[in-house]
Every structure is written in C-alpha cells, then in structure tokens.
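Remarks on the structure that follows.
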Amino acid sequence: MEWGMANRLAQLIAADGRCLFLAVDHGYFQGPTHKLEEPRKTIEPLLPYADAIFVTRGVLRSSVDPRRTRPIILRVSGGVSMAGKDLSHEGITTSMEEALRLNASAVGLSVFVGSEHERESLLNLSRLVDEGEKYGIPVMAVTAVGRELEKREARFLALACRIAAELGARVVKTYWCAEGFEKVVQGCPVPVVMAGGPQVDTERQVFDFVYDGLQKGAIGVNLGRNIWQDDFPVAMIRALRAIIHDKATPQQAEELYYSLKKDEIQRIG
Ligand code: R5P
C-alpha cells in the first residue's frame, strides 16, 4: 500500500486496530435532524472522543473549527432528500480535489444494493475508488437501506458489504444484526464498521450490539443518532470508547455511562 493511503488509514484506525467514527452527515438528506439542528453545538463537545468525523463539506466548513478538529471522512454522495420519492438515486456531490483541499482523510458514499438505482450507486463507488486511489484517499462505502430498515439482516448485509469491498472500498460501513453478523464480517475482505440507525430504547442496547459486533470481527463504529440523540451524549461516546478501545464489557460501559451522567447532572445543578 502506498504511503499516503497507509497514512490516511492510520489516522482513522488507531494502533489497536479499532475505530470510533462519529457520524454527523445526516442533514445531507434529512435536513435539520433532531439534536443535529445546530451542528457545531452537537459536534464540539464530542470531538475529543471521536477518532474521526463523517461529515459533508457544508457542515465541515460552517461548523467545525479547522484548528481544533479530528480526521475527516467527507460524505461525498447525495442529491436526494426525505421529501423526494427515492433515497437510492444519489450521485457524487463533491470532487476529489475538494476532498484534498479540505484535507480529508477519507471519503464516504452510499451504495444501495437491491434498489432501483443499484447499478448507478455501485458505479459511483467504482468511479470514486478510481479517483481516490489516484490520490491515496480511502473510500468508505456505506451500505444504505434507505427507508427499508427491515433489510438489516445478514444475507442482505453480507451481499452489500462484499460487493462494496470487491469494487474497491477500503472500509465498509454496515449495520449490526442479531443473527449471522459474523458471516457479514467474514465475507467482507476489508474492515467493517457498524452504524446504529434510529435511536434505540436504552443505552444498554447500544453497548450490547457494539460489543457483540466487535467480538464478531467489526473494527468499530460509524455511529450517529445513538450518540448525539442521547440525553447525555458525552457520557455515551465515552462509554462506547471504553468498549472499542479499552476492552470494557457492556456492563462496565453502562456503569461508566451512569457515573459520567451523574457527574454531568451535578455539574449543571
Ligand atoms: C446516514 O445518514 C449516514 O450514512 C450515517 O452516517 C450512518 O447511518 C450512521 O449514523 P447512524 O448511527 O445515526 O445510523
């Protein structure tokens, strides 16, 4: 692997082989998502605990201080919205030159396997990989399901992850699933990170699925709503960090979360 590519991947994935990417790109199709209405306010307190942030160029420029930041994974696909008919009809929104100008460590784009625009999104991935490899910029493929959340099961996820890896993604983001997640990871010859999807009912559920996914071979997370939609997002990201980088169990992470939450309540009175 060439030096630039190896260096950028090393900025994203820590020496322990693990990563915690903070996803804050949701506005690119959802608009001012709940608790991400003012991106700077959401992002700033969480930044010290993230290994990288997944963000669009608009939010990066407007809401992230270039002097105090973390490695950037630039979201470079879009062109659709929640108000439109079909979330799968994305194009590439940002050039590789722009990614270089913004000093991105990687770029990310969604692929929509099984959708009406499957072919287009997969060819977008291939084109992006061709461009990225020219400049040593890794591509993270996001195996998106659009509104069809029920697609988050092993057979579909394994198919989507493998195709993304075959087309040249250096990292693949997918969803954790209760049954057969190990097969999703085993069938994908590049590192897999897990997204969370809509906020779940309890913090413990997040700790459990992240822990389980790591045992089954994922290298970390690209997590958004289950961090910053929590009432105590800093406690949440720190507890997740303990699982990812410090070998904490879900029980230990939950204890850490509650102790940080207690401190925070005392601090704000
Ligand atoms: C979708 O908006 C993006 O791909 C997110 O980066 C990804 O889904 C991770 O965010 P969350 O954990 O909120 O699903």
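Ligands are numbered from 1 in the order shown, chains are lettered A, B, ... in the order of the structure tokens, and residues start at 1 in each chain.
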Nearby residues, ligand 1, 8 Å, only C-alpha atoms and all ligand atoms, as a PyMOL selection string: chain A and resi 22-30+54-55+110+142+144+194-199+222-227
DSSP-assigned strand (DSSP E) members of stretch 101-135 of chain A, reported as a PyMOL selection string: chain A and resi 106-111
Atom pair atom CA of A:Glu2 / atom CA of A:Asn124: separation (Å): 23.2 Å
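For A:Gln205, the list of residues within 12 Å, based on only C-alpha atoms and with local chain neighbours fewer than 3 positions off taken out, reads A:Trp176, A:Ala178, A:Gly196, A:Gln199, A:Val200, A:Asp201, A:Thr202, A:Asp208, A:Phe209, A:Val210, A:Tyr211, A:Asp212, A:Asn226, A:Met236, A:Leu240, A:Pro250, A:Gln251, A:Ala253, A:Glu254.
From atom CA of A:Ile244 back to atom CA of A:Gly217, the distance works out to 11.9 Å.
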Expected answer as a VMD selection string: helix (DSSP H, G or I) residues in stretch 46-250 of chain A: chain A and resid 47 to 49 57 to 63 96 to 101 118 to 135 149 to 151 154 to 166 181 to 186 203 to 215 225 to 228 233 to 246 250
Residue nearest A:Ser88 among A:Leu102, A:Ala165, A:Leu109, A:Ile219 (counting only C-alpha atoms): A:Leu109
Minimum-distance residue to A:Pro138, chosen among A:Lys183, A:Lys85, A:His245, A:Arg170 (using only C-alpha atoms): A:Arg170
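Of note, atom CA of A:Ser115 and atom CA of A:Ala99 are spaced 27.5 Å apart.
By only C-alpha atoms, and with residues fewer than 5 positions from A:Asp65 along its chain excluded, the set lying at most 9 Å from it is A:Arg40, A:Glu44, A:Leu60.
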Excluding A:Pro48 and residues on its chain fewer than 2 positions from it, collect all residues at most 10 Å away from it, counting only C-alpha atoms, and give them as a compact mmCIF listing (two decimals) with N, CA and C atoms, in the first residue's frame.
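Wrote part19.txt, looks like this:
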```txt
# COMPACT_ATOMS: atom_id res chain seq x y z
N ILE A 43 -21.47 18.84 17.63
CA ILE A 43 -20.18 18.22 17.32
C ILE A 43 -19.10 18.57 18.35
N GLU A 44 -19.01 19.85 18.73
CA GLU A 44 -17.85 20.31 19.51
C GLU A 44 -17.56 19.51 20.78
N PRO A 45 -18.56 19.26 21.64
CA PRO A 45 -18.23 18.52 22.87
C PRO A 45 -17.85 17.05 22.63
N LEU A 46 -18.23 16.53 21.46
CA LEU A 46 -17.98 15.11 21.20
C LEU A 46 -16.64 14.87 20.51
N ALA A 50 -13.81 11.29 19.47
CA ALA A 50 -14.02 10.60 18.19
C ALA A 50 -12.68 10.39 17.50
N ASP A 51 -12.51 9.26 16.84
CA ASP A 51 -11.29 9.04 16.06
C ASP A 51 -11.37 9.77 14.72
N ALA A 52 -12.58 10.01 14.25
CA ALA A 52 -12.79 10.75 13.00
C ALA A 52 -14.25 11.19 12.98
N ARG A 68 -9.11 22.99 15.57
CA ARG A 68 -9.36 22.02 16.65
C ARG A 68 -10.28 20.95 16.12
N THR A 69 -9.70 20.03 15.37
CA THR A 69 -10.57 19.02 14.78
C THR A 69 -9.95 17.63 14.86
N ARG A 70 -10.61 16.71 14.25
CA ARG A 70 -10.16 15.32 14.19
C ARG A 70 -10.13 14.94 12.70
N VAL A 234 -22.03 13.06 25.70
CA VAL A 234 -20.61 12.90 26.01
C VAL A 234 -20.40 11.62 26.83
N ILE A 237 -20.62 8.71 24.30
CA ILE A 237 -19.45 8.46 23.43
C ILE A 237 -18.27 7.95 24.27
N ARG A 238 -18.14 8.43 25.47
CA ARG A 238 -17.02 7.97 26.30
C ARG A 238 -17.21 6.50 26.72
```
